[in-house]
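Enquirer: Got model09.txt for you, compact mmCIF, C-alpha atoms:
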```txt
# COMPACT_ATOMS: atom_id res chain seq x y z
CA MET U 72 2.03 21.34 -9.64
CA ALA U 73 2.76 20.70 -5.95
CA LEU U 74 4.08 17.32 -4.92
CA ASN U 75 0.90 16.18 -3.20
CA SER U 76 -1.64 18.01 -5.31
CA TYR U 77 -3.21 15.04 -7.11
CA HIS U 78 -6.96 14.76 -6.70
CA PRO U 79 -9.48 12.58 -8.50
CA PRO U 80 -11.24 14.19 -11.48
CA ALA U 81 -13.89 16.71 -10.51
CA ASN U 82 -16.74 14.45 -11.62
CA ALA U 83 -15.60 11.59 -9.40
CA ASN U 84 -17.80 11.27 -6.33
CA ARG U 85 -16.57 9.90 -3.06
CA ARG U 86 -19.09 7.11 -2.78
CA TRP U 87 -18.17 3.56 -1.96
CA HIS U 88 -18.95 1.17 -4.81
CA PRO U 89 -18.85 -2.39 -3.41
CA THR U 90 -17.42 -5.10 -5.62
CA LEU U 91 -19.48 -7.98 -6.93
CA LEU U 92 -18.06 -10.28 -4.23
CA ILE U 93 -19.06 -7.87 -1.46
CA ARG U 94 -22.57 -7.40 -2.88
CA LEU U 95 -23.07 -11.15 -3.25
CA SER U 96 -21.79 -11.73 0.29
CA VAL U 97 -24.30 -9.26 1.71
CA LEU U 98 -27.07 -10.85 -0.33
CA TRP U 99 -25.98 -14.31 0.81
CA HIS U 100 -26.13 -13.30 4.47
CA VAL U 101 -29.55 -11.66 4.09
CA SER U 102 -30.84 -14.73 2.27
CA GLY U 103 -29.45 -16.93 5.02
CA VAL U 104 -31.31 -15.00 7.72
CA ILE U 105 -34.56 -15.14 5.74
CA THR U 106 -34.11 -18.88 5.18
CA LEU U 107 -33.54 -19.52 8.88
CA VAL U 108 -36.68 -17.59 9.77
CA THR U 109 -38.89 -19.34 7.22
CA LEU U 110 -37.23 -22.77 7.14
CA PRO U 111 -35.45 -23.36 10.47
CA SER U 112 -34.77 -26.99 9.60
CA TRP U 113 -32.40 -25.82 6.88
CA TRP U 114 -29.98 -24.36 9.40
CA LEU U 115 -27.19 -26.79 8.53
CA TRP U 116 -27.36 -25.86 4.83
CA VAL U 117 -27.40 -22.17 5.69
CA LEU U 118 -24.41 -22.58 8.01
CA GLY U 119 -22.49 -24.42 5.30
CA ALA U 120 -23.29 -21.77 2.70
CA LEU U 121 -22.18 -18.96 5.00
CA ALA U 122 -18.99 -20.84 5.88
CA ALA U 123 -18.21 -21.21 2.17
CA ASN U 124 -18.79 -17.48 1.68
CA HIS U 125 -16.40 -16.63 4.51
CA LEU U 126 -13.77 -18.96 3.09
CA LEU U 127 -14.04 -17.08 -0.20
CA LEU U 128 -13.70 -13.74 1.60
CA GLY U 129 -10.71 -15.12 3.48
CA ALA U 130 -9.07 -16.09 0.20
CA ALA U 131 -9.61 -12.53 -1.04
CA VAL U 132 -8.00 -11.14 2.12
CA LEU U 133 -4.96 -13.37 1.63
CA TRP U 134 -4.53 -12.29 -2.04
CA PRO U 135 -2.68 -8.98 -1.65
CA ARG U 136 -2.71 -8.10 -5.36
CA GLY U 137 -6.32 -9.14 -5.93
CA ARG U 138 -9.27 -6.89 -6.71
CA TRP U 139 -12.12 -8.94 -5.28
CA LEU U 140 -12.45 -6.55 -2.33
CA GLY U 141 -12.01 -3.30 -4.23
CA PRO U 142 -9.77 -1.33 -6.61
CA ASN U 143 -6.11 -2.14 -6.13
CA LEU U 144 -3.22 -0.25 -7.70
CA THR U 145 -0.65 -2.91 -8.57
CA ARG U 146 1.03 -0.76 -11.22
CA MET U 147 1.46 2.92 -11.93
CA PRO U 148 -0.63 4.74 -14.56
CA ALA U 149 -0.10 3.66 -18.15
CA SER U 150 1.48 7.02 -19.00
CA THR U 151 4.48 6.17 -16.79
CA THR U 152 5.51 3.45 -19.23
CA GLY U 153 6.28 6.02 -21.90
CA ARG U 154 8.42 7.93 -19.41
CA ASP U 155 10.27 4.77 -18.26
CA GLU U 156 9.21 5.35 -14.67
CA ILE U 157 8.80 2.90 -11.81
CA CYS U 158 7.98 3.50 -8.15
CA LEU U 159 10.02 2.35 -5.18
CA THR U 160 7.95 2.11 -2.02
CA PHE U 161 9.19 1.58 1.53
CA ASP U 162 7.04 0.13 4.31
CA ASP U 163 6.98 0.07 8.11
CA GLY U 164 9.09 3.17 8.83
CA PRO U 165 10.29 5.58 9.77
CA ASP U 166 13.31 4.02 11.46
CA PRO U 167 15.88 6.39 13.01
CA GLN U 168 18.84 4.29 11.85
CA VAL U 169 17.70 2.92 8.49
CA THR U 170 15.46 5.58 6.95
CA PRO U 171 18.06 8.39 6.85
CA GLN U 172 20.48 6.06 5.03
CA VAL U 173 17.75 5.08 2.56
CA LEU U 174 17.13 8.77 1.89
CA ASP U 175 20.83 9.39 1.25
CA LEU U 176 21.04 6.47 -1.17
CA LEU U 177 18.01 7.74 -3.07
CA ASP U 178 19.55 11.21 -3.27
CA LEU U 179 22.76 9.79 -4.73
CA HIS U 180 20.75 8.36 -7.63
CA ASP U 181 18.30 11.26 -7.95
CA ALA U 182 15.49 8.82 -7.21
CA LYS U 183 12.16 9.58 -5.56
CA ALA U 184 9.99 7.13 -3.67
CA SER U 185 6.85 6.71 -1.59
CA PHE U 186 7.17 5.85 2.11
CA PHE U 187 4.23 4.02 3.70
CA CYS U 188 4.71 5.09 7.29
CA ILE U 189 3.21 3.64 10.45
CA GLY U 190 1.37 6.37 12.34
CA GLU U 191 2.79 5.73 15.78
CA LYS U 192 6.33 5.61 14.39
CA ALA U 193 5.71 8.84 12.52
CA ALA U 194 4.57 10.41 15.80
CA ALA U 195 7.72 9.14 17.51
CA PHE U 196 10.09 10.39 14.79
CA PRO U 197 8.39 13.40 13.18
CA GLU U 198 11.68 14.96 12.10
CA ILE U 199 12.43 11.95 9.88
CA VAL U 200 8.95 12.11 8.33
CA ARG U 201 9.44 15.80 7.59
CA GLU U 202 12.82 15.00 6.04
CA ILE U 203 11.21 12.40 3.76
CA ALA U 204 8.77 15.00 2.49
CA CYS U 205 11.39 17.76 2.25
CA ARG U 206 13.54 15.58 -0.01
CA GLY U 207 10.70 15.26 -2.50
CA HIS U 208 9.29 11.86 -1.58
CA SER U 209 5.67 11.19 -0.68
CA VAL U 210 4.57 9.98 2.74
CA GLU U 211 1.64 7.58 2.64
CA ASN U 212 -0.59 5.77 5.12
CA HIS U 213 0.30 2.32 6.48
CA SER U 214 -2.12 2.30 9.47
CA TYR U 215 -1.43 3.65 12.95
CA HIS U 216 -0.26 0.58 14.88
CA HIS U 217 0.42 -1.87 12.01
CA PRO U 218 -1.52 -4.68 13.74
CA LEU U 219 -1.01 -8.17 12.35
CA THR U 220 -4.75 -8.78 12.76
CA PHE U 221 -5.69 -5.64 10.81
CA ALA U 222 -7.69 -7.57 8.20
CA PHE U 223 -10.01 -8.92 10.92
CA TYR U 224 -10.78 -5.60 12.61
CA SER U 225 -14.27 -4.16 12.85
CA MET U 226 -15.05 -1.18 10.65
CA ALA U 227 -14.81 1.14 13.66
CA ALA U 228 -11.35 -0.19 14.51
CA LEU U 229 -10.23 0.07 10.89
CA ARG U 230 -11.42 3.66 10.82
CA ARG U 231 -9.36 4.48 13.93
CA GLU U 232 -6.25 2.90 12.39
CA VAL U 233 -6.57 4.69 9.07
CA GLU U 234 -7.81 8.07 10.27
CA SER U 235 -5.30 8.30 13.14
CA ALA U 236 -2.36 7.68 10.81
CA GLN U 237 -3.86 10.07 8.28
CA ALA U 238 -4.11 12.84 10.88
CA ILE U 239 -0.59 12.28 12.26
CA ILE U 240 1.11 12.31 8.86
CA THR U 241 -0.87 15.30 7.63
CA GLY U 242 -0.03 17.21 10.79
CA ILE U 243 3.69 16.50 10.42
CA THR U 244 4.15 17.11 6.70
CA GLY U 245 1.26 19.42 5.90
CA GLN U 246 0.42 17.03 3.04
CA ARG U 247 -2.48 14.61 3.15
CA PRO U 248 -1.56 11.00 2.28
CA LEU U 249 -3.31 9.92 -0.90
CA PHE U 250 -2.57 6.20 -0.77
CA PHE U 251 -2.96 3.37 1.73
CA ARG U 252 -1.37 -0.06 2.04
CA ALA U 253 -2.63 -2.56 4.60
CA PRO U 254 -0.21 -4.17 7.06
CA GLY U 255 1.27 -7.22 5.39
CA GLY U 256 -0.86 -6.45 2.35
CA PHE U 257 -3.85 -8.22 3.95
CA ARG U 258 -6.90 -6.17 3.17
CA SER U 259 -10.14 -6.27 5.13
CA PRO U 260 -13.49 -6.62 3.28
CA LEU U 261 -14.61 -3.65 5.42
CA LEU U 262 -11.71 -1.37 4.49
CA ASP U 263 -12.95 0.28 1.30
CA PRO U 264 -15.74 2.40 2.84
CA VAL U 265 -13.18 3.78 5.31
CA MET U 266 -10.71 4.65 2.55
CA THR U 267 -13.48 6.26 0.52
CA ASP U 268 -14.37 8.53 3.44
CA CYS U 269 -10.69 9.46 3.80
CA GLY U 270 -10.25 10.10 0.08
CA ILE U 271 -7.37 7.65 -0.29
CA LYS U 272 -6.65 4.86 -2.77
CA TYR U 273 -5.42 1.35 -2.08
CA VAL U 274 -1.96 0.32 -3.34
CA SER U 275 -0.28 -3.08 -3.27
CA TRP U 276 2.64 -3.80 -5.61
CA THR U 277 3.87 -5.34 -8.82
CA ARG U 278 6.60 -7.30 -7.04
CA ARG U 279 8.30 -7.47 -3.67
CA GLY U 280 11.60 -8.89 -2.51
CA TYR U 281 10.58 -10.03 0.98
CA ASP U 282 13.44 -8.04 2.45
CA ALA U 283 11.62 -7.96 5.80
CA VAL U 284 12.07 -11.72 6.22
CA ARG U 285 14.83 -12.86 3.87
CA ARG U 286 18.44 -12.40 4.91
CA ASP U 287 20.06 -13.01 1.51
CA PRO U 288 20.36 -9.72 -0.43
CA VAL U 289 21.07 -11.58 -3.67
CA GLN U 290 17.74 -13.40 -3.52
CA VAL U 291 15.88 -10.23 -2.58
CA LEU U 292 17.42 -8.29 -5.47
CA GLN U 293 16.68 -11.08 -7.93
CA ARG U 294 13.00 -11.09 -7.01
CA LEU U 295 12.81 -7.33 -7.52
CA VAL U 296 14.58 -7.11 -10.89
CA CYS U 297 13.28 -10.29 -12.54
CA GLY U 298 10.94 -8.99 -15.24
CA LEU U 299 11.30 -5.42 -14.02
CA GLY U 300 9.78 -2.86 -16.36
CA ALA U 301 8.33 0.61 -16.58
CA GLY U 302 5.18 1.11 -14.53
CA ASP U 303 6.14 -1.38 -11.83
CA VAL U 304 5.63 -0.73 -8.13
CA LEU U 305 8.28 -2.34 -5.91
CA VAL U 306 8.19 -2.90 -2.15
CA LEU U 307 11.11 -2.65 0.26
CA HIS U 308 11.19 -2.02 4.02
CA ASP U 309 12.97 0.79 5.83
CA GLY U 310 11.23 -0.33 9.03
CA THR U 311 11.71 -3.84 10.50
CA PRO U 312 14.11 -4.98 7.76
CA ALA U 313 15.73 -8.39 7.90
CA ARG U 314 19.45 -8.35 8.52
CA THR U 315 22.28 -10.10 6.74
CA LYS U 316 24.51 -12.58 8.53
CA ALA U 317 26.84 -9.64 9.14
CA GLY U 318 24.02 -7.76 10.87
CA GLU U 319 23.43 -5.14 8.17
CA PRO U 320 19.86 -4.25 7.18
CA VAL U 321 19.12 -6.10 3.94
CA VAL U 322 17.46 -3.04 2.41
CA LEU U 323 20.72 -1.07 2.68
CA VAL U 324 22.59 -3.78 0.80
CA VAL U 325 19.93 -4.29 -1.86
CA LEU U 326 19.00 -0.66 -2.55
CA PRO U 327 22.32 0.53 -4.11
CA ALA U 328 22.39 -2.49 -6.43
CA LEU U 329 18.73 -2.01 -7.30
CA LEU U 330 19.25 1.67 -8.12
CA ASP U 331 22.21 0.72 -10.33
CA GLN U 332 19.96 -1.80 -12.13
CA LEU U 333 17.35 0.90 -12.72
CA ALA U 334 19.95 3.21 -14.21
CA ALA U 335 21.31 0.45 -16.44
CA ARG U 336 17.81 -0.25 -17.76
CA GLY U 337 17.02 3.40 -18.32
CA LEU U 338 14.35 3.43 -15.59
CA LYS U 339 13.68 6.23 -13.13
CA SER U 340 11.95 5.97 -9.76
CA VAL U 341 9.27 8.55 -8.98
CA SER U 342 6.81 8.80 -6.11
CA LEU U 343 3.24 7.63 -6.49
CA THR U 344 1.95 11.18 -6.17
CA THR U 345 4.27 12.40 -8.92
CA ALA U 346 3.15 9.57 -11.20
CA TYR U 347 -0.53 10.31 -10.63
CA ASN U 348 -0.01 14.06 -10.85
CA ASN U 349 1.55 13.54 -14.27
CA ALA U 350 -1.19 11.15 -15.36
CA TYR U 351 -3.90 13.54 -14.17
CA THR U 352 -2.23 16.48 -15.94
CA SER U 353 -1.86 14.45 -19.15
CA GLY U 354 -5.56 13.59 -18.98
CA LEU U 355 -6.42 17.28 -18.89
CA ASN U 356 -4.32 18.13 -21.93
```
Once you've parsed the file, please lay out its structure as structure tokens.
Expert:
Amino acid sequence: MALNSYHPPANANRRWHPTLLIRLSVLWHVSGVITLVTLPSWWLWVLGALAANHLLLGAAVLWPRGRWLGPNLTRMPASTTGRDEICLTFDDGPDPQVTPQVLDLLDLHDAKASFFCIGEKAAAFPEIVREIACRGHSVENHSYHHPLTFAFYSMAALRREVESAQAIITGITGQRPLFFRAPGGFRSPLLDPVMTDCGIKYVSWTRRGYDAVRRDPVQVLQRLVCGLGAGDVLVLHDGTPARTKAGEPVVLVVLPALLDQLAARGLKSVSLTTAYNNAYTSGLN
């Protein structure tokens, strides 16, 4: 089976199924409008109720591993546990200095990973993106510009971010990204219909080391390996990594030690597409 050949089961339709929170929020807003029309004097109560609803939505946005806004892959399929597999993911690349070194380190340990690439960086460094794919890793969607305010975009703006990155990566690698991760992990309540139209799934993580902001490789490694087990999805950054006091990208210090830890624990890193290909194939047998 080809690297990027995973597709949902044939009977799965590509319709957006809003979560309970989203349905209740829509109902709450409609009820608020009706109340204002019929009972204008209640405007303060309506305003307070809508404010409470938006606070709840905001909490959902700020909960990267939550499922209030839609399905969220925080772990790999259950079948990966029996194969002692985990998935290393790398965000915010490609970076012309860091990414090639990450690829070499992965090769040394016969490890595969998934790279969540920013569309405009992929367009700037297409040869690196092609190299990622050629070495057997998957290239996934991390938006086009990686805006810090992504979670507050309109649906039209979200669609431009997701679809533009999708088109760029597909054009470079010839393989359509199957997974999406929001910038910073902050997911918009309006994102799921866009992903449904693009045929991609949302992924967060099991644990992350904060290597984009923390300069101590020991602390980053400890966060990644504490409780590490089969089926976990880990996040590192080959783009915009923090740097040690000596000026070295933290990811390049942490990754060799992390790969050694995986080997010592009998764990193997595979890409998300490989994991889901295997799970899909197992489901057919």
Enquirer: Could you pull the residues within 7 Å of stretch 253-256 of chain U, counting only C-alpha atoms, minus those fewer than 6 positions along the same chain, as a list of chain:residue names?
Expert: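 The neighbour list is U:Pro135, U:His213, U:Ser214, U:His217, U:Pro218, U:Leu219, U:Phe221, U:Ser275.
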Enquirer: Quick one: of U:His308, U:Arg258, U:Arg247, U:Arg278, who's nearest to U:Arg146, counting only C-alpha atoms?
Expert: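 Selected residue with least distance to U:Arg146: U:Arg278.
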Enquirer: For U:Leu121, which residue among U:Val97, U:Val296, U:Val108, U:Val291 is the nearest when counting all atoms listed in the file?
Expert: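 The shortest atom-to-atom distance to U:Leu121 comes from U:Val97.
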Enquirer: Residues at most 8 Å from stretch 232-238 of chain U, counting only C-alpha atoms, excluding those fewer than 6 positions away in the same chain, as a PDB file with C-alpha atoms, in the coordinates of the input?
Expert:
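Result file follows (selection_32.pdb):
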```pdb
ATOM      1  CA  ILE U 189       3.210   3.640  10.450  1.00  0.00           C
ATOM      2  CA  GLY U 190       1.370   6.370  12.340  1.00  0.00           C
ATOM      3  CA  GLU U 191       2.790   5.730  15.780  1.00  0.00           C
ATOM      4  CA  ASN U 212      -0.590   5.770   5.120  1.00  0.00           C
ATOM      5  CA  HIS U 213       0.300   2.320   6.480  1.00  0.00           C
ATOM      6  CA  SER U 214      -2.120   2.300   9.470  1.00  0.00           C
ATOM      7  CA  TYR U 215      -1.430   3.650  12.950  1.00  0.00           C
ATOM      8  CA  HIS U 216      -0.260   0.580  14.880  1.00  0.00           C
ATOM      9  CA  ARG U 247      -2.480  14.610   3.150  1.00  0.00           C
ATOM     10  CA  PRO U 248      -1.560  11.000   2.280  1.00  0.00           C
ATOM     11  CA  VAL U 265     -13.180   3.780   5.310  1.00  0.00           C
ATOM     12  CA  MET U 266     -10.710   4.650   2.550  1.00  0.00           C
ATOM     13  CA  CYS U 269     -10.690   9.460   3.800  1.00  0.00           C
TER      14      CYS U 269
END
```
Enquirer: Produce a table with one row for each residue of stretch 215-301 of chain U that has an atom at most 12 Å from any atom of stretch 197-201 of chain U, each row naming the nearest atom pair and its distance in Å at one decimal; use only C-alpha atoms; arrange rows by chain and rising residue number; format as JSON lines.
Expert:
```
{"residue": "U:Ile239", "atom": "CA", "partner": "U:Pro197", "partner_atom": "CA", "distance": 9.1}
{"residue": "U:Ile240", "atom": "CA", "partner": "U:Val200", "partner_atom": "CA", "distance": 7.9}
{"residue": "U:Thr241", "atom": "CA", "partner": "U:Arg201", "partner_atom": "CA", "distance": 10.3}
{"residue": "U:Gly242", "atom": "CA", "partner": "U:Pro197", "partner_atom": "CA", "distance": 9.5}
{"residue": "U:Ile243", "atom": "CA", "partner": "U:Pro197", "partner_atom": "CA", "distance": 6.3}
{"residue": "U:Thr244", "atom": "CA", "partner": "U:Arg201", "partner_atom": "CA", "distance": 5.5}
{"residue": "U:Gly245", "atom": "CA", "partner": "U:Arg201", "partner_atom": "CA", "distance": 9.1}
{"residue": "U:Gln246", "atom": "CA", "partner": "U:Arg201", "partner_atom": "CA", "distance": 10.2}
```
Enquirer: Using all atoms listed in the file, which residue out of U:Leu118, U:Leu329, U:Cys158, U:Val169 lies closest to U:Lys183?
Expert: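 Of U:Leu118, U:Leu329, U:Cys158, U:Val169, the one nearest U:Lys183 is U:Cys158, counting all atoms listed in the file.
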Enquirer: With distances taken over all atoms listed in the file, which of U:Asn124, U:Asn348, U:Ser340, U:Ser259 is nearest to U:Arg154?
Expert: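 Checking each of U:Asn124, U:Asn348, U:Ser340, U:Ser259 against U:Arg154, counting all atoms listed in the file, the winner is U:Ser340.
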Enquirer: Ranking U:Cys297, U:Ile93, U:Val306, U:Ala182 by minimum distance to U:Glu156 and counting only C-alpha atoms, which one comes first?
Expert: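 Among U:Cys297, U:Ile93, U:Val306, U:Ala182, it is U:Ala182 that comes nearest to U:Glu156.
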Enquirer: Would you mind completing stretch 239-275 of chain U to N, CA and C atoms and writing the output as a PDB file, in the frame of the given file?
Expert:
```
ATOM      1  N   ILE U 239      -1.977  12.094  11.799  1.00  0.00           N
ATOM      2  CA  ILE U 239      -0.590  12.280  12.260  1.00  0.00           C
ATOM      3  C   ILE U 239       0.303  12.715  11.110  1.00  0.00           C
ATOM      4  N   ILE U 240       0.233  12.008   9.998  1.00  0.00           N
ATOM      5  CA  ILE U 240       1.110  12.310   8.860  1.00  0.00           C
ATOM      6  C   ILE U 240       0.803  13.681   8.278  1.00  0.00           C
ATOM      7  N   THR U 241      -0.483  13.990   8.155  1.00  0.00           N
ATOM      8  CA  THR U 241      -0.870  15.300   7.630  1.00  0.00           C
ATOM      9  C   THR U 241      -0.380  16.415   8.539  1.00  0.00           C
ATOM     10  N   GLY U 242      -0.486  16.196   9.841  1.00  0.00           N
ATOM     11  CA  GLY U 242      -0.030  17.210  10.790  1.00  0.00           C
ATOM     12  C   GLY U 242       1.467  17.437  10.737  1.00  0.00           C
ATOM     13  N   ILE U 243       2.227  16.389  10.463  1.00  0.00           N
ATOM     14  CA  ILE U 243       3.690  16.500  10.420  1.00  0.00           C
ATOM     15  C   ILE U 243       4.167  17.134   9.123  1.00  0.00           C
ATOM     16  N   THR U 244       3.634  16.684   8.007  1.00  0.00           N
ATOM     17  CA  THR U 244       4.150  17.110   6.700  1.00  0.00           C
ATOM     18  C   THR U 244       3.357  18.255   6.080  1.00  0.00           C
ATOM     19  N   GLY U 245       2.121  18.442   6.540  1.00  0.00           N
ATOM     20  CA  GLY U 245       1.260  19.420   5.900  1.00  0.00           C
ATOM     21  C   GLY U 245       0.680  18.923   4.591  1.00  0.00           C
ATOM     22  N   GLN U 246       0.903  17.634   4.286  1.00  0.00           N
ATOM     23  CA  GLN U 246       0.420  17.030   3.040  1.00  0.00           C
ATOM     24  C   GLN U 246      -0.384  15.784   3.376  1.00  0.00           C
ATOM     25  N   ARG U 247      -1.589  15.720   2.860  1.00  0.00           N
ATOM     26  CA  ARG U 247      -2.480  14.610   3.150  1.00  0.00           C
ATOM     27  C   ARG U 247      -2.061  13.371   2.354  1.00  0.00           C
ATOM     28  N   PRO U 248      -1.835  12.238   3.032  1.00  0.00           N
ATOM     29  CA  PRO U 248      -1.560  11.000   2.280  1.00  0.00           C
ATOM     30  C   PRO U 248      -2.692  10.692   1.312  1.00  0.00           C
ATOM     31  N   LEU U 249      -2.320  10.229   0.134  1.00  0.00           N
ATOM     32  CA  LEU U 249      -3.310   9.920  -0.900  1.00  0.00           C
ATOM     33  C   LEU U 249      -3.465   8.432  -1.137  1.00  0.00           C
ATOM     34  N   PHE U 250      -2.576   7.632  -0.517  1.00  0.00           N
ATOM     35  CA  PHE U 250      -2.570   6.200  -0.770  1.00  0.00           C
ATOM     36  C   PHE U 250      -2.460   5.440   0.549  1.00  0.00           C
ATOM     37  N   PHE U 251      -2.982   4.225   0.541  1.00  0.00           N
ATOM     38  CA  PHE U 251      -2.960   3.370   1.730  1.00  0.00           C
ATOM     39  C   PHE U 251      -2.523   1.966   1.328  1.00  0.00           C
ATOM     40  N   ARG U 252      -1.728   1.355   2.195  1.00  0.00           N
ATOM     41  CA  ARG U 252      -1.370  -0.060   2.040  1.00  0.00           C
ATOM     42  C   ARG U 252      -1.597  -0.744   3.385  1.00  0.00           C
ATOM     43  N   ALA U 253      -2.306  -1.856   3.360  1.00  0.00           N
ATOM     44  CA  ALA U 253      -2.630  -2.560   4.600  1.00  0.00           C
ATOM     45  C   ALA U 253      -1.399  -3.265   5.155  1.00  0.00           C
ATOM     46  N   PRO U 254      -1.308  -3.408   6.468  1.00  0.00           N
ATOM     47  CA  PRO U 254      -0.210  -4.170   7.060  1.00  0.00           C
ATOM     48  C   PRO U 254      -0.114  -5.570   6.472  1.00  0.00           C
ATOM     49  N   GLY U 255       1.069  -5.919   6.000  1.00  0.00           N
ATOM     50  CA  GLY U 255       1.270  -7.220   5.390  1.00  0.00           C
ATOM     51  C   GLY U 255       0.590  -7.385   4.046  1.00  0.00           C
ATOM     52  N   GLY U 256      -0.131  -6.351   3.602  1.00  0.00           N
ATOM     53  CA  GLY U 256      -0.860  -6.450   2.350  1.00  0.00           C
ATOM     54  C   GLY U 256      -2.183  -7.190   2.478  1.00  0.00           C
ATOM     55  N   PHE U 257      -2.609  -7.484   3.735  1.00  0.00           N
ATOM     56  CA  PHE U 257      -3.850  -8.220   3.950  1.00  0.00           C
ATOM     57  C   PHE U 257      -4.989  -7.240   4.194  1.00  0.00           C
ATOM     58  N   ARG U 258      -5.879  -7.202   3.244  1.00  0.00           N
ATOM     59  CA  ARG U 258      -6.900  -6.170   3.170  1.00  0.00           C
ATOM     60  C   ARG U 258      -8.246  -6.665   3.697  1.00  0.00           C
ATOM     61  N   SER U 259      -8.853  -5.899   4.569  1.00  0.00           N
ATOM     62  CA  SER U 259     -10.140  -6.270   5.130  1.00  0.00           C
ATOM     63  C   SER U 259     -11.269  -6.024   4.127  1.00  0.00           C
ATOM     64  N   PRO U 260     -12.307  -6.884   4.109  1.00  0.00           N
ATOM     65  CA  PRO U 260     -13.490  -6.620   3.280  1.00  0.00           C
ATOM     66  C   PRO U 260     -14.216  -5.341   3.692  1.00  0.00           C
ATOM     67  N   LEU U 261     -13.938  -4.851   4.906  1.00  0.00           N
ATOM     68  CA  LEU U 261     -14.610  -3.650   5.420  1.00  0.00           C
ATOM     69  C   LEU U 261     -13.780  -2.385   5.217  1.00  0.00           C
ATOM     70  N   LEU U 262     -12.628  -2.499   4.567  1.00  0.00           N
ATOM     71  CA  LEU U 262     -11.710  -1.370   4.490  1.00  0.00           C
ATOM     72  C   LEU U 262     -12.127  -0.294   3.491  1.00  0.00           C
ATOM     73  N   ASP U 263     -12.690  -0.683   2.371  1.00  0.00           N
ATOM     74  CA  ASP U 263     -12.950   0.280   1.300  1.00  0.00           C
ATOM     75  C   ASP U 263     -13.848   1.458   1.688  1.00  0.00           C
ATOM     76  N   PRO U 264     -14.931   1.236   2.437  1.00  0.00           N
ATOM     77  CA  PRO U 264     -15.740   2.400   2.840  1.00  0.00           C
ATOM     78  C   PRO U 264     -14.942   3.405   3.667  1.00  0.00           C
ATOM     79  N   VAL U 265     -14.021   2.903   4.492  1.00  0.00           N
ATOM     80  CA  VAL U 265     -13.180   3.780   5.310  1.00  0.00           C
ATOM     81  C   VAL U 265     -12.244   4.595   4.420  1.00  0.00           C
ATOM     82  N   MET U 266     -11.606   3.939   3.461  1.00  0.00           N
ATOM     83  CA  MET U 266     -10.710   4.650   2.550  1.00  0.00           C
ATOM     84  C   MET U 266     -11.467   5.675   1.715  1.00  0.00           C
ATOM     85  N   THR U 267     -12.672   5.328   1.301  1.00  0.00           N
ATOM     86  CA  THR U 267     -13.480   6.260   0.520  1.00  0.00           C
ATOM     87  C   THR U 267     -13.752   7.526   1.310  1.00  0.00           C
ATOM     88  N   ASP U 268     -14.112   7.367   2.584  1.00  0.00           N
ATOM     89  CA  ASP U 268     -14.370   8.530   3.440  1.00  0.00           C
ATOM     90  C   ASP U 268     -13.120   9.381   3.625  1.00  0.00           C
ATOM     91  N   CYS U 269     -11.957   8.731   3.624  1.00  0.00           N
ATOM     92  CA  CYS U 269     -10.690   9.460   3.800  1.00  0.00           C
ATOM     93  C   CYS U 269     -10.134  10.010   2.491  1.00  0.00           C
ATOM     94  N   GLY U 270     -10.729   9.619   1.374  1.00  0.00           N
ATOM     95  CA  GLY U 270     -10.250  10.100   0.080  1.00  0.00           C
ATOM     96  C   GLY U 270      -8.913   9.531  -0.316  1.00  0.00           C
ATOM     97  N   ILE U 271      -8.646   8.273   0.052  1.00  0.00           N
ATOM     98  CA  ILE U 271      -7.370   7.650  -0.290  1.00  0.00           C
ATOM     99  C   ILE U 271      -7.611   6.396  -1.124  1.00  0.00           C
ATOM    100  N   LYS U 272      -6.578   6.010  -1.870  1.00  0.00           N
ATOM    101  CA  LYS U 272      -6.650   4.860  -2.770  1.00  0.00           C
ATOM    102  C   LYS U 272      -5.765   3.736  -2.227  1.00  0.00           C
ATOM    103  N   TYR U 273      -6.170   2.506  -2.548  1.00  0.00           N
ATOM    104  CA  TYR U 273      -5.420   1.350  -2.080  1.00  0.00           C
ATOM    105  C   TYR U 273      -4.306   0.981  -3.072  1.00  0.00           C
ATOM    106  N   VAL U 274      -3.117   0.688  -2.528  1.00  0.00           N
ATOM    107  CA  VAL U 274      -1.960   0.320  -3.340  1.00  0.00           C
ATOM    108  C   VAL U 274      -1.364  -0.979  -2.801  1.00  0.00           C
ATOM    109  N   SER U 275      -1.085  -1.921  -3.673  1.00  0.00           N
ATOM    110  CA  SER U 275      -0.280  -3.080  -3.270  1.00  0.00           C
ATOM    111  C   SER U 275       1.077  -2.984  -3.964  1.00  0.00           C
TER     112      SER U 275
END
```
